[in-house]
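As structure tokens, the structure follows; a few thoughts come after it.
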Amino acid sequence: MLRLLRGSRAETRALRYLSRHGLRCLARNVRTPAGELDLIMADGPVIVFVEVRSKHDDAWGPAAATIDGRKQRHIQRAAELYLAQRNLHEHMVRFDVVAVDGKTISWLPDAFGAQG
């Protein structure tokens with residue numbers, strides 16, 4: 001329960017942070033058969049799939065380091081399903097990460113590409 005609450009708070013902080021930097025929220029917590037997409041934002045004409053990671057301490061390294069190749073593939077597959085369901089294949093896409101480490105927010109635009 002505490003983990004879900006922390007995750008929700010981190011997503012809200014990430015959403016506010018990205019909005020202040022000019023991105024527009026299209027959706028939040030979208031569930032697909034391949035997994036959940038935390039935030040879907042628009043950066044001009046680009047659809048941005050944002051993975052939000054949070055950690056309350058430094059054990060096991062920074063939050064951004066927790067996104068391995070397997071997790072990237074899950075996010076990419078979920079994004080493909082989202083785009084297909086909405087007939088948005090022609091849009092440019094980007095995969096960003098927002099890491100919330102305690103009070104610090106780090107935004108990593110284009111953190112991993114379409115090929116993983």
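FYI, nothing fancy with the structure tokens labels: chains A, B, ... in order, residues from 1 per chain, ligands from 1 as they appear.
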Per-residue DSSP, segment 33-92 of chain A, filtered to helix (DSSP H, G or I), as a list in words: Ala63, Ala64, Ala65, Thr66, Gly69, Arg70, Lys71, Gln72, Arg73, His74, Ile75, Gln76, Arg77, Ala78, Ala79, Glu80, Leu81, Tyr82, Leu83, Ala84 and Gln85 of chain A
File dump, residues just selected, C-alpha atoms, as a PDB file, in the first residue's frame:
```
ATOM      1  CA  ALA A  63      15.762   5.133  -9.515  1.00  0.00           C
ATOM      2  CA  ALA A  64      16.587   5.495 -13.228  1.00  0.00           C
ATOM      3  CA  ALA A  65      18.961   2.527 -13.003  1.00  0.00           C
ATOM      4  CA  THR A  66      16.023   0.204 -12.303  1.00  0.00           C
ATOM      5  CA  GLY A  69      16.177  -3.930 -21.176  1.00  0.00           C
ATOM      6  CA  ARG A  70      13.271  -6.199 -20.258  1.00  0.00           C
ATOM      7  CA  LYS A  71      11.329  -3.296 -18.733  1.00  0.00           C
ATOM      8  CA  GLN A  72      12.097  -1.131 -21.769  1.00  0.00           C
ATOM      9  CA  ARG A  73      10.671  -3.805 -24.093  1.00  0.00           C
ATOM     10  CA  HIS A  74       7.503  -4.018 -21.978  1.00  0.00           C
ATOM     11  CA  ILE A  75       7.046  -0.245 -22.163  1.00  0.00           C
ATOM     12  CA  GLN A  76       7.673  -0.254 -25.916  1.00  0.00           C
ATOM     13  CA  ARG A  77       5.152  -3.056 -26.472  1.00  0.00           C
ATOM     14  CA  ALA A  78       2.558  -1.287 -24.323  1.00  0.00           C
ATOM     15  CA  ALA A  79       3.166   1.909 -26.334  1.00  0.00           C
ATOM     16  CA  GLU A  80       2.712  -0.002 -29.611  1.00  0.00           C
ATOM     17  CA  LEU A  81      -0.632  -1.320 -28.369  1.00  0.00           C
ATOM     18  CA  TYR A  82      -1.716   2.152 -27.231  1.00  0.00           C
ATOM     19  CA  LEU A  83      -0.844   3.634 -30.628  1.00  0.00           C
ATOM     20  CA  ALA A  84      -2.561   0.803 -32.510  1.00  0.00           C
ATOM     21  CA  GLN A  85      -5.774   1.095 -30.462  1.00  0.00           C
TER      22      GLN A  85
END
```
Which of segment 7-90 of chain A fall in strand (DSSP E or B), as a list in words: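 Reading the DSSP output for segment 7-90 of chain A, strand (DSSP E or B) covers Arg24, Cys25, Leu26, Ala27, Arg28, Asn29, Val30, Arg31, Thr32, Gly35, Glu36, Leu37, Asp38, Leu39, Ile40, Met41, Ala42, Asp43, Val46, Ile47, Val48, Phe49, Val50, Glu51, Val52, Arg53, Ser54 and Lys55 of chain A.
Rounded to one decimal, atom CA of Glu11 of chain A and atom CA of Val52 of chain A lie 6.1 Å from each other.
Using only C-alpha atoms, the shortest contact distance between Phe49 of chain A and any of A:Leu37, A:Ile105, A:Val30, A:Met92 is found at A:Leu37.
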Distance query Asp96 of chain A at most 6 Å, only C-alpha atoms, self and fewer than 2 positions along chain excluded, as a list in words: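 Contacts, with the query itself left out: Val50, Leu108, Pro109, Asp110 and Ala111 of chain A.
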Could those selected residues go to a file with N, CA and C atoms, as an mmCIF file, in the first residue's frame?
```cif
data_model
loop_
_atom_site.group_PDB
_atom_site.id
_atom_site.type_symbol
_atom_site.label_atom_id
_atom_site.label_comp_id
_atom_site.auth_asym_id
_atom_site.auth_seq_id
_atom_site.Cartn_x
_atom_site.Cartn_y
_atom_site.Cartn_z
ATOM 1 N N VAL A 50 6.185 8.147 -20.825
ATOM 2 C CA VAL A 50 7.047 8.451 -19.687
ATOM 3 C C VAL A 50 6.948 7.357 -18.637
ATOM 4 N N LEU A 108 14.946 12.407 -17.995
ATOM 5 C CA LEU A 108 15.826 11.862 -19.018
ATOM 6 C C LEU A 108 15.044 11.731 -20.324
ATOM 7 N N PRO A 109 15.030 12.807 -21.149
ATOM 8 C CA PRO A 109 14.328 12.721 -22.428
ATOM 9 C C PRO A 109 15.015 11.704 -23.334
ATOM 10 N N ASP A 110 14.206 10.999 -24.115
ATOM 11 C CA ASP A 110 14.719 10.019 -25.063
ATOM 12 C C ASP A 110 15.670 9.039 -24.363
ATOM 13 N N ALA A 111 15.225 8.538 -23.219
ATOM 14 C CA ALA A 111 16.063 7.672 -22.386
ATOM 15 C C ALA A 111 16.397 6.350 -23.059
#
```
Coordinates-based distance that separates atom CA of Val46 of chain A from atom CA of Arg16 of chain A (Å, one decimal):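 Computing the Euclidean distance for atom CA of Arg16 of chain A and atom CA of Val46 of chain A yields 18.4 Å.
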For atom CA of Arg53 of chain A and atom CA of His89 of chain A, the interatomic separation in Å (one decimal):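 Separating atom CA of Arg53 of chain A from atom CA of His89 of chain A is a distance of 26.5 Å.
For Ser19 of chain A, the non-local neighbours within 12 Å, defined as residues at least 5 positions apart in the same chain or in other chains and counting only C-alpha atoms, are Glu11, Thr12, Arg13, Ala14, Arg24, Cys25, Leu26, Leu39, Ile40, Met41, Ala42 and Asp43 of chain A.
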